[in-house]
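Asks: This is the structure I have questions about; it appears just below.
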Amino acid sequence: MRNIGEWHSELSRILKKSWNEETPSFSARRLCEIELGLTACEVLAPAQPVDALWVLLTGYTLQAVRQLNWKPEQRYALAVARHLLPYFRGPYAWDEAMRWYQQLPKYIRGYDLSNGALQRHDTSVAPWRFDLYHATLQKSPPLQKRPVRWAKAGNYAFRNGQRYQDVTIPSHWVKPLPQGHNLTPKPKRKSLKVKWEQLLETAGQMDKLMPGNDFWKRLDRIKLTLWEHGEMRVSPTLGIDGLLHLAGMVSSGKSTLMQVLTVWAAQNGLHVTVVLGDVVNVLEWNALFVAIGLNAVPVIGGYNRTLHLNRLHRVESQQNPDVPLKPQHASFQWLGTVCAVNGTSTRPTLLDPRQFPCNRLEKTAQLDDDTPEYYACPIYNICGVHKTQRDLPEAQIWVATPASLLYTRVAAQINEESLRFGELVSRRSDLILVDEADRVQTQLDTVFSPSEILAGTGVDPWLNQLSSAVEEQIRRRGRETLITRDVEAWMSVQRSTQMAADKLYVLLLQRKTELARLQQDYFTGWTVWEALVSEILGIADWSVSQKNTDETYTKLMGVFNRFVRNPVDSRSDDDAFTERLRDIVRALLTEPSLSETDRQLQTELREVFPQAVADDKKWSRWATHFAFALVVSVVSWGSTISLKNWEQVKIPLELKDNNTALFYNPPQDYDAVIPPAPMGNVLAFQYFTGTESEKAGILRFFRISGVGRWWLLNLHRLFEAEGISGPNVLLLSGTSWAGTSPLYHIQYPIGGILHAPQQELDAIQKNSRFRYTPVVDEKLNRPISVSGTSYANRHDALQKILVHYTQPTGPSRTEPSRFEQERDSLPVGRQRLILLVGSYGEAEAVRIMLEQMRPDWRGKVFNLVRDDDSPIDSWMGSEATLQRGQVNRFAETDGWILTAPLLAIERGHNILNENKQAAIGAAYFLVRPIHVPMT
C-alpha cells in the first residue's frame, strides 16, 4: 500500500487557507489530485484532449497509446500517476471531476479548460504548484508506514468482545525485535538456464535424501521440447527469460519438474516462490522441501488459521492414523494457534486467532482515555503463532497459493512498510513457478470479479444458506444473541434483505412482461431508475453529458444516489422526496399484494413528473419499474451491509463463510498495476429466467473490479515502469492452451511442451474405451436423465441409476452387480471405480445411497469432500470421506469406489497404485460432463 496523500499536504494547507468563498464543498485534496492529473496530460499526451487521462490510467496498451512513443521517464510518470490517481480510472469519475474543477473560482485554479484545451494561467496562490506536480510524477510514492509501539513490562489489557482481559507482562517477556525483509528491489535478473543433466543430478540427490519418491526416474521419463526458430525442438536445456509458458498433459511430469527445479534453484542461491492451487498442497510441498534440508516457509495468512490447522490434522490422521495425538507433519510448526498472553491473563478464554491481541494491548492505566493507544506484544519474536512471518525473511523458498500472495500482508512487526506478498515477490524472488496456471488464472479472475447465486432453488444460494443458519441459531439458542447491539443491527438488515429478495421474485414472476427488457442484461437499482427517469423525460437517447444539463434529471439522480446509500432507515437531514422513497420501500416490503402499492407508486410518479403524458398502461409499467428499482436497491444495500459487517456477527452467531468470494474485496494495493475491467467496474445483479429444473429463475450478484489474470500474465514485469525488475516466471498447465475458452485459455504463447513417454500415450489410446450406456426407466420407457432435472427429481434419478448398477444380476439375481463386474474386469492393481456427479453434496448422497443399497460395501465407498470440510467437526473427519487435497491417497485405502464432483477433479490428479500406475480403472459420468450454458 503506497502513501498517496502525503505529497500534497503542504499545498493543500495553503489552498485551504486561501479559500475565501462561502461554499463549504471545497476540497483542497481533490483540487491537487485533479491538477496532478492535468499535469500528467501535459507530460503524457499534450496533443490529446484532457478526456484521455482516464484511458491512460487504466494501463491498457492500446494502439493509440503505443503511437505516443513514450520515453522511459514518461512511462515512469504514468506508473506514478496510476498510484496517486486511482479514483480517475473511469470516464464518469474523471468527467465529474472536470465539471467540479471548472466551477471553482479562477484564482484558486492553475489551469483553464476553455474549449477543451488545457492551458495554465498565472495564479498568486501557490504558483510553485506546477513544479511540485512535475516532481511528484518523477518519484514513486513510498510505501505506507505502520509504526509499531512495542509493549514493555507492565500491566495491560485487551478487549475480548464486550469486556477486557487483564494481563501482566514481566520483564523477561521483552524480546529482541524480529528480522525484517530486505525491501530494496533486486537488480534486473538474468535469464535462467539449466541443463536437463543438472536437473537429473539434483533429482538423484533428492532420492538419496527421500528414498522411495523416485525423483530421478520420474524426471528422466519427461521429454522437453521448446519453441525455437519457428518449431518445437527437443531441448537439453530449460531456459526462462521473463515469462515461459509450458504445457503438458496429465502425468507428463509438471509437478516433478517444479519440485526438482525448485530444489536446484535454491541450491544455486536463487530465491524461489512456488504457487499452488490449495493450502493442503502448500503444506505438503513445504514439508517436502524441509525434509530435503532447504529453508522453505509457507505463505499463509492468519485469517483462516484454524481452518488450515483442521485441514492439516485431517491429512495427518490419514497419513498416521495410529498416533492421532502425536503430530508428525513438518507443517504443524507454521500453524500455531496458542496465545501466551491469553493463557496468562486473569481470565483466559477461548479466542479465535483473529481475536489475538498481537498488536492491540492497552495500558491498564489508560483504558478510560478517549483515544486508546495500542501496543504490540513483546514476545512476538518467539511466539508460535507468528513463526511463519518471522521465518519468511530468511527463507530461500516460499510456497503459496494465489490468494495468500494477493491478500497476505507483511506483518507490521516485521516491516513497518505496508505491502503484500504479491508485491514483495517482485522485489525478492528470482524465480516464480506457477502450477496449473489456467486454474490460477480463473482464481485471480474470481478475486477481482466475484459472483454468487443469491437466490434460487435448493440449499446452495447464499441468501438461503444465510436464512437457514440464522434460524438454526435462534432455534438452538433462542434470542440471546440479540443482547449484542451489532448482532441486533445486522439481523435487522438481514431480514430486510430476505424480504426484499422475496419481493423481487414476486415482481419478476408476476410482472414478466413489464420487466422482460430488464432481464436481458445486468441491472442495479440505479440503472433501472436512470432508465426510467430518462424514458419519462424523453431523453433516453441523450449522452451522459447531455443528460446532466437537464435540471430535473440531475435532481432526481442526486436524490436516488442519497437513497441507495440507506434505502430503509430514516435520517433527519434527508429531503422530503428521499423520505417518501423510504416510505414506499417499507410499504413494498410489508404489503401482502402488489396491487396495494401500485396506486401509491403511480401517484408518486405523477407528482414527480407532472408534465409527462402517458396512458394508464404506460403509467402501470413505469410503476412496476419504479418498484423494481427500489426493491433491487434494498437487496444491494442489504447484501453489502451483511458482507461488510460479517466479522462482527460471525462468532456470536456461529456463522460460516461458506467459501463465498464476496467476503473478500480485492486489495487496493494492486490498483496501480491491474487495469479495471474493459466495461468499467460494475456491482450489479443478473437474473436468469426459469427453466424446467429452476422454474423461479436464478438471481446472481456480481462485482467486477479489475482484470485479475493481468497479475499472472505480467508477474515478470508488474512494477517494471517504476524501475522494479520482475522475476523469471514459469507457468505450467495441461489445459492452458484452450483456444476460445474465456476461462482457461492463457493469452500468452506456449513456449514449450512437456511430453510423457510415447509408450504411455500409446497405451492410453489403445486400451481406453468410451461407452454411452443409458439406463432406461421401465415405467416411462425412456432413458433416465440426471442433468437438467429439478432438485428432488435429480435425487430420484441418481437412485434409479445406482439401483441398476448395484443390484445382483442374472436370472436368479445371484450374479455380481454391474459395478462389481466392471471392477473384476479391470487389471490387478487398478480395480477401482470413480463415479462423477455435480457437487460435493451429491457425492455424499451417492455414497450414502450405495451403502444403503449394498450394506456389504460399507467401508469400500468413499466420497470426496472439500479441503475445509469436516462432517463431524473433528480432526479425524469421517472414515468414508477423503479430502480433495488427499485424493491421490485413495489407492492407500480399502475403498474401490470413489464418488466425486466433476469440477473438483477435472484438473487431473495423480491417483497411483504402488506400481505408479493409474489406480482407478473406470470412470462413470452420472451427470452430463458439459455444463448447460446460461443464456
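Within each chain, counting starts at residue 1; across the C-alpha cells, chains are named A, B, ... in the order shown, with ligands numbered 1 upward in that order.
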Need the shell around range 219-235 of chain A: protein/DNA/RNA residues with any atom at most 6 Å away, counting only C-alpha atoms. Skip same-chain ones fewer than 5 positions apart. Format as an MDAnalysis selection string?
Replies: chainID A and resid 751:756
Asks: Sorted by chain and rising residue number, which residues of range 198-288 of chain A lie within 12 Å of range 332-356 of chain A, and what are their closest atom pairs and distances in Å to one decimal, counting only C-alpha atoms, as a tab-separated table?
Replies:
```
residue	atom	partner	partner_atom	distance
A:Val279	CA	A:Leu335	CA	11.8
A:Val280	CA	A:Phe332	CA	11.9
A:Val282	CA	A:Trp334	CA	11.5
A:Leu283	CA	A:Phe332	CA	8.7
A:Glu284	CA	A:Phe332	CA	10.7
A:Asn286	CA	A:Trp334	CA	10.3
A:Ala287	CA	A:Phe332	CA	9.5
```
Asks: Which residues come within 12 Å of Leu731 in chain A, counting only C-alpha atoms, excluding same-chain residues fewer than 5 positions away, as number ranges by chain?
Replies: A: 240, 242-248, 254-255, 257-258, 274-276, 431-441, 712-716, 736-737, 746-753
Asks: Of the residues A:Arg858, A:Lys916, A:Lys363, A:Arg813, which is the one nearest to Arg830 in chain A, using only C-alpha atoms?
Replies: A:Lys916
Asks: For a test of reading the model, state the distance in Å between CA of Leu454 in chain A and CA of Ser633 in chain A, rounded to one decimal.
Replies: 14.4 Å
Asks: Please determine, counting only C-alpha atoms, which residue among A:Lys152, A:His121, A:Arg854, A:Arg769 has the shortest atom-to-atom distance to Gln807 in chain A.
Replies: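 Using only C-alpha atoms, Gln807 in chain A sits closest to A:Arg854.
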Asks: So how far away is CA of Pro666 in chain A from CA of Val447 in chain A, in Å?
Replies: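 Going from CA of Val447 in chain A over to CA of Pro666 in chain A, I get 6.0 Å.
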Asks: Quick one: DSSP alpha helix (DSSP H) residues in range 499-691 of chain A, as a ChimeraX atom specification?
Replies: /A:499-510,525-537,544-547,551-565,576-590,594-608,616-644,646-653
Asks: Got a sec: who's within 7 Å of Val528 in chain A, counting only C-alpha atoms, leaving out chain neighbours fewer than 5 positions off, as a list in words?
Replies: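 Selected residues are Phe523, His625 and Ala629 of chain A.
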Asks: Could those residues be written to a file, using N, CA and C atoms, as a PDB file, in the first residue's frame?
Replies:
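selection_2.pdb written:
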```pdb
ATOM      1  N   PHE A 523     -28.280  -5.526 -13.998  1.00  0.00           N
ATOM      2  CA  PHE A 523     -29.009  -4.348 -13.548  1.00  0.00           C
ATOM      3  C   PHE A 523     -28.665  -4.020 -12.106  1.00  0.00           C
ATOM      4  N   HIS A 625     -41.491  -0.631 -12.921  1.00  0.00           N
ATOM      5  CA  HIS A 625     -40.056  -0.352 -12.974  1.00  0.00           C
ATOM      6  C   HIS A 625     -39.612   0.442 -11.748  1.00  0.00           C
ATOM      7  N   ALA A 629     -36.796  -0.868  -9.145  1.00  0.00           N
ATOM      8  CA  ALA A 629     -35.596  -0.101  -8.791  1.00  0.00           C
ATOM      9  C   ALA A 629     -35.443   0.016  -7.280  1.00  0.00           C
TER      10      ALA A 629
END
```
Asks: Env of Gly859 in chain A: 7 Å cut, atoms = only C-alpha atoms, seq-sep filter 2 positions within chain, self excluded. Answer as a compact mmCIF listing (two decimals) with all heavy atoms, in the first residue's frame.
Replies:
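Final file, selection_29.txt:
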```txt
# COMPACT_ATOMS: atom_id res chain seq x y z
N TRP A 857 -20.93 -53.16 1.17
CA TRP A 857 -19.90 -52.29 0.59
C TRP A 857 -19.47 -51.20 1.57
O TRP A 857 -18.61 -50.40 1.24
CB TRP A 857 -20.44 -51.62 -0.68
CG TRP A 857 -20.63 -52.56 -1.84
CD1 TRP A 857 -20.41 -53.90 -1.86
CD2 TRP A 857 -21.10 -52.21 -3.14
NE1 TRP A 857 -20.72 -54.43 -3.09
CE2 TRP A 857 -21.14 -53.41 -3.90
CE3 TRP A 857 -21.50 -51.04 -3.75
CZ2 TRP A 857 -21.56 -53.44 -5.23
CZ3 TRP A 857 -21.91 -51.05 -5.07
CH2 TRP A 857 -21.94 -52.25 -5.81
N VAL A 861 -16.65 -47.64 0.01
CA VAL A 861 -17.09 -46.50 -0.79
C VAL A 861 -16.68 -45.21 -0.09
O VAL A 861 -16.97 -45.03 1.10
CB VAL A 861 -18.61 -46.51 -1.03
CG1 VAL A 861 -19.01 -45.34 -1.93
CG2 VAL A 861 -19.05 -47.83 -1.62
N ALA A 880 -15.47 -42.48 5.80
CA ALA A 880 -15.96 -42.65 4.43
C ALA A 880 -15.69 -41.44 3.56
O ALA A 880 -16.19 -41.35 2.45
CB ALA A 880 -17.46 -42.94 4.45
N GLY A 895 -10.97 -48.76 -0.07
CA GLY A 895 -12.09 -48.47 -0.95
C GLY A 895 -11.84 -48.86 -2.39
O GLY A 895 -10.70 -48.87 -2.87
```
Asks: What lies within 8 Å of Pro357 in chain A using only C-alpha atoms, ignoring chain neighbours under 4 positions off, as a PyMOL selection string?
Replies: chain A and resi 158-159+341+361+376-377
Asks: Keeping only N, CA, C and O atoms, write those residues as a compact mmCIF listing (two decimals), in the first residue's frame.
Replies:
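The resulting part.txt:
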```
# COMPACT_ATOMS: atom_id res chain seq x y z
N PHE A 158 -6.61 -6.31 27.09
CA PHE A 158 -7.06 -6.35 25.69
C PHE A 158 -8.54 -6.68 25.67
O PHE A 158 -9.06 -7.38 26.53
N ARG A 159 -9.21 -6.15 24.68
CA ARG A 159 -10.65 -6.31 24.57
C ARG A 159 -10.98 -7.67 23.99
O ARG A 159 -10.42 -8.10 22.99
N VAL A 341 -0.30 -14.64 25.76
CA VAL A 341 -0.89 -13.53 26.52
C VAL A 341 -2.27 -13.92 27.04
O VAL A 341 -2.61 -13.68 28.21
N LEU A 361 -2.76 -4.44 22.54
CA LEU A 361 -2.70 -4.33 24.00
C LEU A 361 -2.86 -2.86 24.41
O LEU A 361 -2.36 -1.96 23.73
N ALA A 376 2.13 -3.47 20.74
CA ALA A 376 2.37 -4.80 20.19
C ALA A 376 2.93 -5.71 21.26
O ALA A 376 3.69 -5.29 22.14
N CYS A 377 2.56 -6.97 21.18
CA CYS A 377 3.02 -7.97 22.16
C CYS A 377 4.54 -8.13 22.06
O CYS A 377 5.08 -8.35 20.98
```
Asks: Which residues are close to range 898-907 of chain A, i.e. within 10 Å by only C-alpha atoms, leaving aside same-chain residues fewer than 2 positions away? Reply as a PyMOL selection string.
Replies: chain A and resi 250+436+438-439+733-735+832-847+860-866+880-882+884-885+887+890+895-896+909+920+923-930
Asks: Assign secondary structure with DSSP using the backbone only, and return the residues of range 390-616 of chain A in strand (DSSP E) as a ChimeraX atom specification.
Replies: /A:397-400,431-434,451-455
Asks: What is the CA of Val559 in chain A-CA of Arg606 in chain A distance in Å, reported with one decimal?
Replies: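 Interatomic distance, CA of Val559 in chain A to CA of Arg606 in chain A: 16.9 Å.
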Asks: Counting only C-alpha atoms, which residue out of A:Leu743, A:Val568, A:Ala922, A:Leu238 sits closest to Asp824 in chain A?
Replies: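 Result for the nearest residue to Asp824 in chain A: A:Ala922.
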